[in-house]
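Text of my_file-v1.cif, listed as mmCIF, C-alpha atoms:
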```
data_start
#
loop_
_atom_site.label_atom_id
_atom_site.label_comp_id
_atom_site.auth_asym_id
_atom_site.auth_seq_id
_atom_site.Cartn_x
_atom_site.Cartn_y
_atom_site.Cartn_z
CA MET A 1 -26.86 27.37 -10.30
CA ASN A 2 -28.85 30.45 -11.21
CA GLY A 3 -28.80 34.21 -11.65
CA HIS A 4 -27.65 35.26 -8.18
CA ASP A 5 -24.46 33.23 -7.96
CA HIS A 6 -22.40 36.39 -7.66
CA LEU A 7 -23.92 37.11 -4.25
CA TYR A 8 -21.92 34.25 -2.75
CA ASP A 9 -18.22 34.23 -2.03
CA ARG A 10 -16.39 31.89 -4.34
CA THR A 11 -14.71 28.92 -2.70
CA PRO A 12 -10.99 28.93 -3.58
CA GLY A 13 -10.10 26.25 -6.11
CA VAL A 14 -13.66 25.69 -7.28
CA GLU A 15 -15.21 26.74 -10.54
CA GLU A 16 -18.44 28.65 -10.21
CA ARG A 17 -20.34 26.44 -12.62
CA GLU A 18 -19.50 22.77 -12.43
CA SER A 19 -20.27 22.09 -16.06
CA THR A 20 -18.55 20.22 -18.86
CA ALA A 21 -16.55 23.42 -19.39
CA SER A 22 -14.50 22.58 -16.29
CA TYR A 23 -12.66 19.65 -17.86
CA SER A 24 -11.69 21.86 -20.78
CA SER A 25 -10.48 24.57 -18.36
CA TYR A 26 -7.91 22.14 -16.91
CA THR A 27 -6.95 20.89 -20.37
CA VAL A 28 -6.40 24.42 -21.73
CA GLY A 29 -4.42 25.22 -18.58
CA VAL A 30 -2.14 22.20 -18.84
CA GLY A 31 -1.56 22.91 -22.56
CA LEU A 32 -0.53 26.51 -21.87
CA ALA A 33 1.63 25.43 -18.92
CA ILE A 34 3.49 22.85 -21.06
CA LEU A 35 4.09 25.51 -23.74
CA ALA A 36 5.46 27.94 -21.13
CA THR A 37 7.72 25.23 -19.66
CA ILE A 38 9.14 24.29 -23.06
CA ALA A 39 9.64 27.98 -23.89
CA SER A 40 11.55 28.43 -20.60
CA PHE A 41 13.89 25.53 -21.41
CA ILE A 42 14.48 26.87 -24.94
CA VAL A 43 15.21 30.39 -23.63
CA SER A 44 17.66 29.07 -21.06
CA GLN A 45 19.48 26.66 -23.38
CA THR A 46 19.78 28.67 -26.63
CA HIS A 47 20.87 32.13 -27.70
CA LEU A 48 17.37 32.96 -28.87
CA LEU A 49 17.38 35.89 -26.42
CA TRP A 50 20.17 38.41 -25.97
CA PRO A 51 22.26 36.65 -23.25
CA PRO A 52 22.00 39.36 -20.53
CA GLY A 53 18.21 39.29 -21.06
CA ILE A 54 17.82 35.55 -20.48
CA ALA A 55 17.13 35.93 -16.74
CA VAL A 56 14.42 38.54 -17.44
CA GLY A 57 12.88 36.31 -20.11
CA LEU A 58 12.80 33.35 -17.70
CA VAL A 59 11.15 35.43 -14.97
CA VAL A 60 8.51 36.71 -17.41
CA LEU A 61 7.75 33.14 -18.55
CA ALA A 62 7.56 31.97 -14.92
CA PHE A 63 5.04 34.70 -14.06
CA ALA A 64 3.02 33.83 -17.16
CA GLN A 65 2.91 30.19 -16.11
CA ILE A 66 1.97 31.05 -12.52
CA GLY A 67 -0.87 33.16 -13.94
CA VAL A 68 -2.03 30.19 -16.05
CA HIS A 69 -2.03 27.97 -12.94
CA LEU A 70 -3.97 30.50 -10.86
CA VAL A 71 -6.65 31.04 -13.51
CA PHE A 72 -7.08 27.55 -15.00
CA PHE A 73 -6.21 25.29 -12.03
CA LEU A 74 -7.20 27.40 -9.01
CA HIS A 75 -9.98 29.24 -10.88
CA LEU A 76 -9.13 32.67 -9.50
CA GLY A 77 -10.90 35.35 -11.48
CA SER A 78 -11.65 39.04 -11.20
CA GLY A 79 -15.33 38.64 -10.23
CA SER A 80 -16.73 40.19 -7.04
CA ASP A 81 -17.31 36.69 -5.59
CA ASN A 82 -13.53 36.17 -5.70
CA THR A 83 -12.53 39.40 -3.94
CA ASN A 84 -11.50 37.75 -0.66
CA ASN A 85 -9.39 35.12 -2.39
CA ILE A 86 -7.64 37.71 -4.57
CA LEU A 87 -7.03 40.07 -1.62
CA ALA A 88 -5.41 37.27 0.39
CA LEU A 89 -3.30 36.35 -2.64
CA ALA A 90 -2.29 39.99 -3.18
CA PHE A 91 -1.11 40.23 0.43
CA GLY A 92 0.86 37.00 0.05
CA VAL A 93 2.49 38.26 -3.15
CA LEU A 94 3.39 41.56 -1.42
CA ILE A 95 5.19 39.68 1.37
CA VAL A 96 6.94 37.40 -1.13
CA PHE A 97 8.26 40.39 -3.09
CA LEU A 98 9.34 42.22 0.08
CA VAL A 99 11.23 39.17 1.36
CA ILE A 100 12.92 38.14 -1.91
CA GLY A 101 13.47 41.60 -3.40
CA GLY A 102 14.52 43.11 -0.07
CA SER A 103 17.01 40.31 0.66
CA ILE A 104 18.65 40.56 -2.76
CA TRP A 105 18.80 44.37 -2.54
CA ILE A 106 20.29 44.48 0.97
CA MET A 107 22.81 41.69 0.40
CA ALA A 108 23.97 43.14 -2.94
CA ASN A 109 24.51 46.48 -1.19
CA LEU A 110 26.44 44.84 1.64
CA LYS A 111 28.63 42.95 -0.80
CA GLU A 112 29.33 46.19 -2.67
CA ASN A 113 30.28 48.15 0.43
CA MET A 114 31.92 45.54 2.62
CA MET A 115 35.69 45.35 2.98
CA PRO A 116 37.14 42.33 1.14
CA MET A 117 37.51 39.35 3.46
CA ASN A 118 41.36 39.16 3.35
CA GLN A 119 41.66 42.82 4.38
CA MET A 120 39.15 42.29 7.17
CA MET A 121 41.25 39.42 8.54
CA GLN A 122 44.29 41.72 8.72
CA MET A 123 42.31 44.26 10.77
CA HIS A 124 42.59 41.97 13.80
CA TYR A 125 46.33 42.51 14.13
CA MET B 1 -25.61 50.27 4.11
CA THR B 2 -27.67 52.46 6.45
CA VAL B 3 -29.22 51.53 9.77
CA ALA B 4 -32.61 51.46 8.10
CA ASP B 5 -31.35 48.85 5.62
CA ILE B 6 -30.01 46.68 8.41
CA ALA B 7 -33.29 46.94 10.29
CA ALA B 8 -35.20 46.10 7.13
CA ALA B 9 -33.03 43.08 6.29
CA PRO B 10 -34.94 39.82 6.68
CA THR B 11 -33.57 37.48 9.32
CA THR B 12 -34.15 34.32 7.34
CA VAL B 13 -31.62 33.14 4.75
CA SER B 14 -32.67 34.42 1.37
CA GLY B 15 -31.20 33.69 -2.00
CA GLU B 16 -31.14 37.42 -2.68
CA LEU B 17 -28.72 38.18 0.15
CA ALA B 18 -24.99 37.62 0.13
CA ARG B 19 -24.08 34.85 2.54
CA GLY B 20 -20.88 35.60 4.38
CA ARG B 21 -21.28 39.33 3.79
CA GLY B 22 -23.52 40.24 6.69
CA GLY B 23 -26.94 39.72 5.14
CA GLY B 24 -27.70 36.06 4.70
CA GLY B 25 -25.84 34.39 7.54
CA PRO B 26 -22.36 32.92 7.51
CA ALA B 27 -20.69 31.58 4.37
CA SER B 28 -21.04 27.85 3.74
CA LYS B 29 -18.68 25.58 5.67
CA ARG B 30 -17.04 24.55 2.42
CA THR B 31 -16.16 28.17 1.59
CA VAL B 32 -14.90 28.86 5.12
CA VAL B 33 -12.74 25.71 5.22
CA ALA B 34 -11.25 26.26 1.77
CA TYR B 35 -10.62 29.96 2.49
CA GLY B 36 -8.81 29.08 5.71
CA PHE B 37 -6.72 26.54 3.83
CA TRP B 38 -6.01 29.14 1.15
CA ILE B 39 -4.58 31.42 3.88
CA PHE B 40 -2.41 28.51 5.10
CA ILE B 41 -1.13 27.93 1.56
CA LEU B 42 -0.21 31.59 1.21
CA SER B 43 1.70 31.43 4.51
CA ASP B 44 3.47 28.32 3.24
CA ILE B 45 4.42 30.24 0.09
CA VAL B 46 5.79 33.07 2.28
CA MET B 47 7.98 30.45 3.99
CA PHE B 48 9.20 29.27 0.59
CA ALA B 49 9.90 32.92 -0.29
CA CYS B 50 12.40 33.05 2.59
CA LEU B 51 14.16 29.94 1.24
CA PHE B 52 14.13 31.43 -2.27
CA ALA B 53 15.66 34.64 -0.89
CA ALA B 54 18.39 32.64 0.89
CA TYR B 55 19.13 30.73 -2.32
CA ALA B 56 19.18 33.90 -4.45
CA VAL B 57 21.68 35.50 -2.06
CA LEU B 58 23.92 32.42 -1.62
CA SER B 59 23.78 30.78 -5.05
CA ARG B 60 27.12 32.26 -6.21
CA ASN B 61 29.01 31.30 -3.03
CA THR B 62 30.29 27.93 -4.16
CA ALA B 63 33.46 28.00 -1.99
CA GLY B 64 35.48 26.49 -4.84
CA GLY B 65 33.04 23.59 -5.09
CA PRO B 66 30.89 22.55 -8.06
CA THR B 67 28.47 25.08 -9.58
CA GLY B 68 24.89 24.48 -10.64
CA ARG B 69 25.94 24.34 -14.28
CA GLU B 70 28.20 21.35 -13.52
CA LEU B 71 25.71 19.55 -11.29
CA PHE B 72 22.26 19.94 -12.81
CA ASN B 73 20.93 17.41 -15.30
CA LEU B 74 18.32 19.41 -17.22
CA ARG B 75 16.89 16.37 -18.98
CA ASN B 76 15.87 14.91 -15.60
CA VAL B 77 14.62 18.32 -14.46
CA PHE B 78 12.39 18.51 -17.54
CA ILE B 79 10.95 15.05 -16.78
CA GLU B 80 10.38 16.07 -13.15
CA THR B 81 8.58 19.24 -14.27
CA MET B 82 6.30 17.33 -16.63
CA CYS B 83 5.53 14.70 -13.94
CA LEU B 84 4.47 17.38 -11.49
CA LEU B 85 2.49 19.36 -14.06
CA LEU B 86 0.57 16.34 -15.35
CA SER B 87 0.06 15.21 -11.75
CA SER B 88 -1.54 18.58 -11.03
CA TYR B 89 -3.73 18.15 -14.13
CA ALA B 90 -4.85 14.67 -13.00
CA CYS B 91 -5.50 16.07 -9.52
CA GLY B 92 -7.79 18.76 -10.98
CA LEU B 93 -9.73 16.20 -13.03
CA GLY B 94 -9.93 13.90 -9.99
CA ALA B 95 -11.30 16.71 -7.81
CA LEU B 96 -13.89 17.42 -10.49
CA SER B 97 -14.91 13.75 -10.65
CA ALA B 98 -15.25 13.72 -6.86
CA GLU B 99 -17.49 16.82 -6.98
CA ARG B 100 -19.69 14.98 -9.49
CA ARG B 101 -19.85 11.92 -7.20
CA GLN B 102 -18.01 9.61 -9.64
CA PRO B 103 -15.88 7.51 -7.24
CA VAL B 104 -14.41 5.17 -9.85
CA ARG B 105 -13.18 8.02 -12.04
CA PHE B 106 -11.88 9.78 -8.95
CA MET B 107 -9.87 6.67 -8.00
CA LEU B 108 -8.37 6.44 -11.49
CA PHE B 109 -7.29 10.09 -11.50
CA ALA B 110 -6.01 9.79 -7.92
CA ALA B 111 -3.90 6.79 -8.98
CA VAL B 112 -2.44 8.77 -11.92
CA THR B 113 -1.75 11.73 -9.59
CA PHE B 114 -0.01 9.47 -7.10
CA VAL B 115 2.13 7.65 -9.68
CA LEU B 116 3.30 10.91 -11.30
CA GLY B 117 4.01 12.52 -7.91
CA ALA B 118 5.94 9.43 -6.78
CA ALA B 119 7.93 9.47 -10.06
CA PHE B 120 8.85 13.11 -9.33
CA ILE B 121 10.06 12.22 -5.83
CA PHE B 122 11.96 9.19 -7.12
CA ILE B 123 13.87 11.24 -9.74
CA GLU B 124 14.59 13.99 -7.22
CA ALA B 125 15.84 11.52 -4.59
CA THR B 126 18.07 9.82 -7.19
CA GLU B 127 19.54 13.20 -8.19
CA PHE B 128 20.18 14.12 -4.56
CA ALA B 129 21.87 10.76 -3.93
CA ARG B 130 24.06 11.22 -7.02
CA MET B 131 25.10 14.74 -5.96
CA ILE B 132 25.95 13.63 -2.42
CA ALA B 133 27.93 10.65 -3.79
CA GLU B 134 29.90 13.09 -5.99
CA GLY B 135 30.89 15.05 -2.87
CA ALA B 136 28.39 17.84 -3.61
CA GLY B 137 26.28 17.37 -0.47
CA PRO B 138 24.68 20.14 1.58
CA GLY B 139 27.85 20.62 3.62
CA ARG B 140 30.06 21.46 0.60
CA SER B 141 29.23 25.15 0.11
CA ALA B 142 26.69 27.86 0.97
CA PHE B 143 25.26 27.39 -2.52
CA LEU B 144 24.64 23.68 -1.92
CA SER B 145 23.27 24.24 1.61
CA SER B 146 20.64 26.64 0.28
CA PHE B 147 19.99 24.40 -2.74
CA PHE B 148 19.27 21.32 -0.63
CA THR B 149 17.17 23.33 1.83
CA LEU B 150 14.97 24.90 -0.86
CA VAL B 151 14.55 21.91 -3.19
CA GLY B 152 14.43 19.47 -0.25
CA THR B 153 11.66 21.42 1.50
CA HIS B 154 9.63 21.29 -1.71
CA GLY B 155 10.30 17.55 -1.98
CA VAL B 156 9.18 17.02 1.63
CA HIS B 157 5.95 18.88 0.83
CA VAL B 158 5.33 16.66 -2.20
CA THR B 159 5.99 13.54 -0.11
CA GLY B 160 3.57 14.82 2.53
CA GLY B 161 1.01 15.46 -0.20
CA LEU B 162 1.36 11.87 -1.44
CA ILE B 163 0.83 10.46 2.07
CA TRP B 164 -2.18 12.73 2.50
CA LEU B 165 -3.59 11.48 -0.83
CA VAL B 166 -3.35 7.84 0.28
CA TYR B 167 -5.17 8.77 3.48
CA LEU B 168 -7.91 10.58 1.52
CA VAL B 169 -8.40 7.70 -0.92
CA ALA B 170 -8.83 5.40 2.10
CA GLN B 171 -11.48 7.83 3.40
CA VAL B 172 -13.29 7.84 0.06
CA ILE B 173 -13.32 4.02 0.08
CA THR B 174 -14.59 3.70 3.65
CA LYS B 175 -16.83 6.77 3.96
CA GLY B 176 -17.76 7.57 0.36
CA LEU B 177 -17.81 11.02 -1.22
CA ARG B 178 -19.56 12.74 1.70
CA PRO B 179 -19.34 16.52 2.24
CA PRO B 180 -16.58 16.33 4.94
CA VAL B 181 -14.49 14.08 2.68
CA LEU B 182 -15.10 16.42 -0.26
CA ARG B 183 -13.91 19.39 1.83
CA ARG B 184 -10.69 17.54 2.67
CA LEU B 185 -10.22 16.63 -0.99
CA LEU B 186 -10.67 20.28 -1.93
CA CYS B 187 -7.98 21.35 0.56
CA TRP B 188 -5.66 18.64 -0.73
CA SER B 189 -6.12 19.70 -4.37
CA LEU B 190 -5.37 23.34 -3.41
CA PHE B 191 -2.18 22.09 -1.72
CA TRP B 192 -1.14 20.04 -4.75
CA HIS B 193 -1.72 22.91 -7.21
CA ALA B 194 0.22 25.26 -4.89
CA LEU B 195 3.21 22.87 -4.87
CA ASP B 196 3.24 22.98 -8.66
CA ILE B 197 3.32 26.80 -8.50
CA VAL B 198 6.28 26.66 -6.06
CA TRP B 199 8.02 24.25 -8.44
CA ILE B 200 7.77 26.82 -11.27
CA GLY B 201 9.82 29.14 -9.03
CA VAL B 202 12.36 26.38 -8.24
CA LEU B 203 12.66 25.42 -11.91
CA THR B 204 13.20 29.02 -13.03
CA LEU B 205 15.43 30.37 -10.26
CA VAL B 206 17.46 27.26 -9.43
CA TYR B 207 17.70 25.09 -12.52
CA LEU B 208 17.14 27.25 -15.60
CA MET B 209 18.97 30.35 -14.34
CA GLY B 210 21.68 28.18 -12.75
CA ALA B 211 22.34 26.28 -15.97
CA SER B 212 21.51 28.84 -18.64
CA VAL B 213 24.00 29.27 -21.48
#
```
Could you take the file, read its structure, and then write that structure out as structure tokens?
Amino acid sequence: MNGHDHLYDRTPGVEERESTASYSSYTVGVGLAILATIASFIVSQTHLLWPPGIAVGLVVLAFAQIGVHLVFFLHLGSGSDNTNNILALAFGVLIVFLVIGGSIWIMANLKENMMPMNQMMQMHY
Amino acid sequence: MTVADIAAAPTTVSGELARGRGGGGPASKRTVVAYGFWIFILSDIVMFACLFAAYAVLSRNTAGGPTGRELFNLRNVFIETMCLLLSSYACGLGALSAERRQPVRFMLFAAVTFVLGAAFIFIEATEFARMIAEGAGPGRSAFLSSFFTLVGTHGVHVTGGLIWLVYLVAQVITKGLRPPVLRRLLCWSLFWHALDIVWIGVLTLVYLMGASV
């Protein structure tokens, strides 16, 4: 490996420099991931957070842990050699948010505006 | 880049030109294969997003049946999470050993990955069997249908990953750590890490939110 590494596209899942630093990258990653997991269990099982905020706290911890996995396990970074991988990921994340967020939004709206089921049954007579 | 630059570009592969970006020829096969597999993984995650959306919409529709709070055993879920996380860690170290052409180390890490993944599947299957025996099977309510679909699809992926790992270890034994085998191992490790990322979503949305105080 030498000075013009950045001219090549980075292979997804591979560290640019296969050095002894790689083992420590996985170890740091697994340590952070375990901390985030334990924090999630504590948040969900105690009143450490204000109860209505528990869901938000859990989502924040989940995103933090997904970030740890992407950086330390899949070695996604912000370098120019990683642009293609990040762009593909960004598109995937966009679709995921559209599908999940859109479904929850639409169905909550429907539930709000729909006639209760027992009244709807009476409409048939 | 102007026409003059293109005309002036040397036709031979040079270290100074970006491969895969028009100047130095196509990207290496390894990069192309792994990038294609990365696209597949993202499409797989989009499929999981649909199952997550279905679960998020249906999770309160228990039809008078048991709720997540009554059904989930968080101690087992924590063990499952740790199995999968440490399995992902072992998989990363195994992939690194394979890249460095250390077959014995690779085999050891692959064995650890397999045992932890199999432990995850065993605990999950036991939990499913217990829930079905308690009358909380997928037919009980919309909540349980979406629960079994989402968590079951993840479990099927993990099982598939374990079978794939056995197949790859057999290839390493018979063919050695040759470039085609290394490319397959790279794809498999991407798959395994991605399953761990999906599990973070399952853990948070299904188990922790379903059973939070």
Test item: the PyMOL selection byres ((chain B and resi 50-65) around 6) resolved as number ranges by chain: A: 100, 104; B: 47-49, 66, 141-143, 146, 150
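Residues matched by the PyMOL selection byres ((chain B and resi 208) around 9) in this structure: Ser40, Phe41, Val43, Ser44, Gln45, Ala55 and Leu58 of chain A; Leu74, Val202, Leu203, Thr204, Leu205, Val206, Tyr207, Met209, Gly210, Ala211 and Ser212 of chain B.
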Closest atom pairs, chain B residues within 8 Å of chain A, all atoms listed in the file, as a Markdown table:
```
| residue | atom | partner | partner_atom | distance |
| --- | --- | --- | --- | --- |
| B:Gly15 | CA | A:His4 | CA | 7.3 |
| B:Glu16 | CA | A:His4 | CA | 6.9 |
| B:Leu17 | CA | A:Leu7 | CA | 6.6 |
| B:Ala18 | CA | A:Leu7 | CA | 4.5 |
| B:Arg19 | CA | A:Tyr8 | CA | 5.7 |
| B:Gly20 | CA | A:Asp9 | CA | 7.1 |
| B:Ala27 | CA | A:Asp9 | CA | 7.4 |
| B:Arg30 | CA | A:Thr11 | CA | 7.1 |
| B:Thr31 | CA | A:Thr11 | CA | 4.6 |
| B:Val32 | CA | A:Thr11 | CA | 7.8 |
| B:Ala34 | CA | A:Pro12 | CA | 6.0 |
| B:Tyr35 | CA | A:Pro12 | CA | 6.2 |
| B:Trp38 | CA | A:Pro12 | CA | 6.9 |
| B:Ile39 | CA | A:Ala88 | CA | 6.9 |
| B:Leu42 | CA | A:Gly92 | CA | 5.6 |
| B:Ser43 | CA | A:Gly92 | CA | 7.2 |
| B:Ile45 | CA | A:Gly92 | CA | 7.6 |
| B:Val46 | CA | A:Val96 | CA | 5.6 |
| B:Ala49 | CA | A:Val96 | CA | 5.4 |
| B:Cys50 | CA | A:Val99 | CA | 6.4 |
| B:Phe52 | CA | A:Ile100 | CA | 6.8 |
| B:Ala53 | CA | A:Ile100 | CA | 4.6 |
| B:Ala54 | CA | A:Ser103 | CA | 7.8 |
| B:Ala56 | CA | A:Ile104 | CA | 6.9 |
| B:Val57 | CA | A:Ile104 | CA | 5.9 |
| B:Met82 | CA | A:Ile34 | CA | 7.6 |
| B:Leu85 | CA | A:Val30 | CA | 7.2 |
| B:Leu86 | CA | A:Val30 | CA | 7.3 |
| B:Tyr89 | CA | A:Val30 | CA | 6.4 |
| B:Gly92 | CA | A:Phe73 | CA | 6.8 |
| B:Leu93 | CA | A:Tyr23 | CA | 6.6 |
| B:Leu96 | CA | A:Ser22 | CA | 7.8 |
| B:Leu186 | CA | A:Gly13 | CA | 7.3 |
| B:Ser189 | CA | A:Gly13 | CA | 7.9 |
| B:Leu190 | CA | A:Gly13 | CA | 6.2 |
| B:His193 | CA | A:Phe73 | CA | 7.0 |
| B:Ile197 | CA | A:Ile66 | CA | 6.0 |
| B:Ile200 | CA | A:Ala62 | CA | 6.3 |
| B:Gly201 | CA | A:Ala62 | CA | 6.9 |
| B:Thr204 | CA | A:Leu58 | CA | 6.4 |
| B:Leu208 | CA | A:Ser44 | CA | 5.8 |
| B:Met209 | CA | A:Ala55 | CA | 6.3 |
| B:Ala211 | CA | A:Ser44 | CA | 7.5 |
| B:Ser212 | CA | A:Ser44 | CA | 4.6 |
| B:Val213 | CA | A:Gln45 | CA | 5.6 |
```
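By chain and then residue number, the residues within 8 Å of Leu195 of chain B are His154, His157 and Val158 of chain B, counting only C-alpha atoms and disregarding those fewer than 5 positions away in sequence.
Using all atoms listed in the file for every distance, the candidate list B:Asn76, B:Thr67, B:Ser87, B:Ser28 yields B:Ser87 as the residue closest to Asp196 of chain B.
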So what does the PyMOL selection byres ((chain B and resi 98-108) around 8) actually pick up in this one, as a PyMOL selection string? chain B and resi 93-97+109-112+169+172+176-177+182
Answer as an MDAnalysis selection string, residues within 12 Å of (8.9, 17.7, -3.7) using all atoms listed in the file: chainID B and resid 80:81 83:84 116:125 128 148:162 192 194:200 202:203
As an exercise, work out the distance from atom CA of Trp164 of chain B to atom CA of Pro138 of chain B in Å and give it to one decimal place.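 For atom CA of Trp164 of chain B relative to atom CA of Pro138 of chain B, the distance reads 27.9 Å.
Coordinates place atom CA of Phe191 of chain B at a distance of 21.3 Å from atom CA of Ile173 of chain B.
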In Å, with one decimal, what is the gap from atom CA of Ala36 of chain A to atom CA of Leu48 of chain A?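 Here the two named atoms are 15.1 Å from each other.
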